[in-house]
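Participant: Got a file for you: target.cif, mmCIF, C-alpha atoms and all ligand atoms; chains and numbers go by the auth columns.
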```
data_model
loop_
_atom_site.group_PDB
_atom_site.id
_atom_site.type_symbol
_atom_site.label_atom_id
_atom_site.label_comp_id
_atom_site.label_asym_id
_atom_site.label_seq_id
_atom_site.Cartn_x
_atom_site.Cartn_y
_atom_site.Cartn_z
_atom_site.B_iso_or_equiv
_atom_site.auth_seq_id
_atom_site.auth_asym_id
ATOM 1 C CA MET A 1 88.912 127.634 -182.588 0.00 9 E
ATOM 2 C CA SER A 2 85.736 129.724 -182.432 0.00 10 E
ATOM 3 C CA VAL A 3 83.393 126.765 -182.105 0.00 11 E
ATOM 4 C CA ASP A 4 81.128 126.792 -179.048 0.00 12 E
ATOM 5 C CA THR A 5 82.185 123.673 -177.175 0.00 13 E
ATOM 6 C CA SER A 6 79.677 123.819 -174.319 0.00 14 E
ATOM 7 C CA PRO A 7 77.109 121.514 -176.024 0.00 15 E
ATOM 8 C CA LEU A 8 79.939 119.050 -176.686 0.00 16 E
ATOM 9 C CA ARG A 9 81.061 119.248 -173.082 0.00 17 E
ATOM 10 C CA HIS A 10 77.494 118.516 -172.022 0.00 18 E
ATOM 11 C CA THR A 11 77.293 115.540 -174.420 0.00 19 E
ATOM 12 C CA LEU A 12 80.598 114.148 -173.171 0.00 20 E
ATOM 13 C CA GLN A 13 79.596 114.548 -169.529 0.00 21 E
ATOM 14 C CA THR A 14 76.276 112.804 -170.201 0.00 22 E
ATOM 15 C CA GLN A 15 78.060 109.935 -171.951 0.00 23 E
ATOM 16 C CA LEU A 16 80.587 109.726 -169.131 0.00 24 E
ATOM 17 C CA ARG A 17 77.761 109.417 -166.591 0.00 25 E
ATOM 18 C CA GLN A 18 75.984 106.745 -168.686 0.00 26 E
ATOM 19 C CA HIS A 19 79.135 104.642 -169.008 0.00 27 E
ATOM 20 C CA THR A 20 79.929 105.061 -165.310 0.00 28 E
ATOM 21 C CA GLU A 21 76.416 103.870 -164.429 0.00 29 E
ATOM 22 C CA GLU A 22 76.776 100.973 -166.855 0.00 30 E
ATOM 23 C CA LEU A 23 80.034 100.007 -165.179 0.00 31 E
ATOM 24 C CA ALA A 24 78.303 99.981 -161.783 0.00 32 E
ATOM 25 C CA VAL A 25 75.486 97.791 -163.158 0.00 33 E
ATOM 26 C CA LEU A 26 78.021 95.411 -164.713 0.00 34 E
ATOM 27 C CA ALA A 27 80.015 95.239 -161.480 0.00 35 E
ATOM 28 C CA ALA A 28 76.834 94.331 -159.593 0.00 36 E
ATOM 29 C CA ALA A 29 75.903 91.743 -162.240 0.00 37 E
ATOM 30 C CA GLY A 30 79.368 90.229 -161.933 0.00 38 E
ATOM 31 C CA THR A 31 78.969 89.655 -158.210 0.00 39 E
ATOM 32 C CA GLU A 32 75.453 88.254 -158.464 0.00 40 E
ATOM 33 C CA PRO A 33 75.647 85.322 -160.886 0.00 41 E
ATOM 34 C CA GLY A 34 72.550 84.938 -163.004 0.00 42 E
ATOM 35 C CA SER A 35 70.962 88.173 -161.876 0.00 43 E
ATOM 36 C CA ALA A 36 71.547 89.941 -165.181 0.00 44 E
ATOM 37 C CA GLY A 37 71.158 86.845 -167.315 0.00 45 E
ATOM 38 C CA GLU A 38 74.603 87.505 -168.791 0.00 46 E
ATOM 39 C CA ASP A 39 77.525 85.151 -168.949 0.00 47 E
ATOM 40 C CA PRO A 40 80.823 86.277 -167.390 0.00 48 E
ATOM 41 C CA ASP A 41 82.513 86.700 -170.776 0.00 49 E
ATOM 42 C CA THR A 42 79.817 89.097 -171.922 0.00 50 E
ATOM 43 C CA ILE A 43 80.015 91.062 -168.691 0.00 51 E
ATOM 44 C CA GLY A 44 83.803 91.171 -168.991 0.00 52 E
ATOM 45 C CA ALA A 45 83.682 92.420 -172.576 0.00 53 E
ATOM 46 C CA ARG A 46 81.085 95.069 -171.760 0.00 54 E
ATOM 47 C CA THR A 47 83.069 96.171 -168.706 0.00 55 E
ATOM 48 C CA ALA A 48 86.196 96.554 -170.829 0.00 56 E
ATOM 49 C CA ALA A 49 84.253 98.524 -173.459 0.00 57 E
ATOM 50 C CA ALA A 50 82.739 100.812 -170.819 0.00 58 E
ATOM 51 C CA ARG A 51 86.172 101.431 -169.241 0.00 59 E
ATOM 52 C CA GLN A 52 87.649 102.220 -172.649 0.00 60 E
ATOM 53 C CA ALA A 53 84.808 104.650 -173.373 0.00 61 E
ATOM 54 C CA ILE A 54 85.250 106.356 -169.992 0.00 62 E
ATOM 55 C CA GLU A 55 88.963 106.719 -170.676 0.00 63 E
ATOM 56 C CA GLU A 56 88.398 108.266 -174.115 0.00 64 E
ATOM 57 C CA ILE A 57 85.634 110.564 -172.935 0.00 65 E
ATOM 58 C CA SER A 58 87.728 111.727 -169.961 0.00 66 E
ATOM 59 C CA ALA A 59 90.618 112.451 -172.323 0.00 67 E
ATOM 60 C CA ALA A 60 88.302 114.457 -174.580 0.00 68 E
ATOM 61 C CA LEU A 61 87.065 116.489 -171.598 0.00 69 E
ATOM 62 C CA SER A 62 90.699 117.192 -170.620 0.00 70 E
ATOM 63 C CA ARG A 63 91.382 118.391 -174.157 0.00 71 E
ATOM 64 C CA LEU A 64 88.334 120.657 -173.961 0.00 72 E
ATOM 65 C CA THR A 65 89.686 122.168 -170.749 0.00 73 E
ATOM 66 C CA ALA A 66 93.199 122.446 -172.170 0.00 74 E
ATOM 67 C CA GLY A 67 91.912 124.070 -175.353 0.00 75 E
ATOM 68 C CA SER A 68 93.367 121.403 -177.644 0.00 76 E
ATOM 69 C CA TYR A 69 89.989 119.801 -178.325 0.00 77 E
ATOM 70 C CA GLY A 70 89.012 119.371 -181.977 0.00 78 E
ATOM 71 C CA ARG A 71 92.581 119.001 -183.225 0.00 79 E
ATOM 72 C CA CYS A 72 93.882 115.792 -184.712 0.00 80 E
ATOM 73 C CA GLU A 73 96.496 114.219 -182.443 0.00 81 E
ATOM 74 C CA ARG A 74 98.448 112.958 -185.433 0.00 82 E
ATOM 75 C CA CYS A 75 98.553 115.825 -187.947 0.00 83 E
ATOM 76 C CA ALA A 76 97.351 118.661 -185.641 0.00 84 E
ATOM 77 C CA GLY A 77 94.763 119.593 -188.276 0.00 85 E
ATOM 78 C CA PRO A 78 91.223 120.535 -187.288 0.00 86 E
ATOM 79 C CA ILE A 79 88.703 117.723 -186.911 0.00 87 E
ATOM 80 C CA PRO A 80 85.500 118.711 -188.769 0.00 88 E
ATOM 81 C CA ALA A 81 82.599 119.686 -186.491 0.00 89 E
ATOM 82 C CA ALA A 82 80.353 117.174 -188.290 0.00 90 E
ATOM 83 C CA ARG A 83 82.714 114.378 -187.255 0.00 91 E
ATOM 84 C CA LEU A 84 82.803 115.601 -183.645 0.00 92 E
ATOM 85 C CA GLU A 85 79.004 115.610 -183.574 0.00 93 E
ATOM 86 C CA ILE A 86 78.973 111.913 -184.453 0.00 94 E
ATOM 87 C CA LEU A 87 82.025 111.016 -182.364 0.00 95 E
ATOM 88 C CA PRO A 88 82.586 113.705 -179.683 0.00 96 E
ATOM 89 C CA HIS A 89 85.709 111.994 -178.328 0.00 97 E
ATOM 90 C CA ALA A 90 87.355 111.627 -181.758 0.00 98 E
ATOM 91 C CA ARG A 91 91.141 112.015 -181.472 0.00 99 E
ATOM 92 C CA PHE A 92 92.026 111.914 -185.167 0.00 100 E
ATOM 93 C CA CYS A 93 90.733 113.517 -188.343 0.00 101 E
ATOM 94 C CA VAL A 94 89.144 111.170 -190.879 0.00 102 E
ATOM 95 C CA PRO A 95 92.237 110.670 -193.123 0.00 103 E
ATOM 96 C CA CYS A 96 94.457 109.928 -190.096 0.00 104 E
ATOM 97 C CA GLN A 97 91.878 107.582 -188.594 0.00 105 E
ATOM 98 C CA ALA A 98 91.593 105.766 -191.931 0.00 106 E
ATOM 99 C CA ARG A 99 95.380 105.318 -192.001 0.00 107 E
ATOM 100 C CA GLY A 100 95.169 103.426 -188.725 0.00 108 E
ATOM 101 C CA ARG A 101 96.545 104.173 -185.303 0.00 109 E
HETATM 102 ZN ZN ZN B . 94.928 114.137 -188.874 0.00 1 Z
#
```
Show me, as structure tokens, the structure contained in the file I just sent.
Ligand SMILES: [Zn+2]
Facilitator:
Amino acid sequence: MSVDTSPLRHTLQTQLRQHTEELAVLAAAGTEPGSAGEDPDTIGARTAAARQAIEEISAALSRLTAGSYGRCERCAGPIPAARLEILPHARFCVPCQARGR
């Protein structure tokens, strides 16, 4: 693939930092009841979402390093750059994603 992936790497690293910071904020909110004005269920759901995002972004960064980034994990076809701009950690091309996991 001849696509320049350095802007994507930067985007992914920025997102990774944001989600990591969010996780820290949520962890603090969880130990100080009422401080964030959030109920425990909301904090739990947001923590789970942040962890999931961190996992997917980390996996995408590994694929960038390994050189397999931008390939669909199901059909091994290229994922269009336009899709990766919207969803930098996309693992599947649009048809495969639409077919379900
Ligand atoms: Zn595919």
Participant: Taking all atoms listed in the file into account, list the residues no farther than 6 Å from ligand ZN 1 (chain Z), as a VMD selection string.
Facilitator: chain E and resid 80 82 to 83 85 100 to 101 104
Participant: Once the PyMOL selection byres (((chain E and resi 88) around 12) and not hetatm) is applied to the coordinates I shared, what remains selected? I want it as a ChimeraX atom specification.
Facilitator: /E:9,11,77-80,85-87,89-96,98-103
Participant: Using only C-alpha atoms, determine which residues lie at most 12 Å from Gly52 (chain E), disregarding the query and same-chain residues fewer than 3 positions distant; provide the list as a list of chain:residue names.
Facilitator: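 Near neighbours after the sequence-gap exclusion: E:Leu31, E:Leu34, E:Ala35, E:Ala37, E:Gly38, E:Thr39, E:Glu46, E:Asp47, E:Pro48, E:Asp49, E:Thr55, E:Ala56, E:Ala57, E:Ala58, E:Arg59.
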Participant: Pick from E:Thr13, E:Thr50, E:Gln23, E:Ser76: nearest to Glu64 (chain E), with all atoms listed in the file counted?
Facilitator: E:Gln23
Participant: At what distance in Å, to one decimal, does CA of His97 (chain E) lie from CA of Ala68 (chain E)?
Facilitator: 5.2 Å
Participant: Under the rule that only C-alpha atoms are counted, which of E:Val33, E:Ala74, E:Ile62, E:Ala84 is the nearest residue to Leu20 (chain E)?
Facilitator: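 Using only C-alpha atoms, Leu20 (chain E) sits closest to E:Ile62.
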Participant: For a test of reading the model, state the distance in Å between CA of Gln21 (chain E) and CA of Ser66 (chain E), rounded to one decimal.
Facilitator: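 Going from CA of Gln21 (chain E) over to CA of Ser66 (chain E), I get 8.6 Å.
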Participant: When you draw a straight line from CA of Glu30 (chain E) to CA of Glu63 (chain E), how long is it in Å?
Facilitator: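 We find that CA of Glu30 (chain E) and CA of Glu63 (chain E) lie 14.0 Å from each other.
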Participant: Using all atoms listed in the file, which residue out of E:Gln105, E:Thr28, E:Thr19, E:Ser14 lies closest to Gln60 (chain E)?
Facilitator: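 Of E:Gln105, E:Thr28, E:Thr19, E:Ser14, the one nearest Gln60 (chain E), counting all atoms listed in the file, is E:Thr28.
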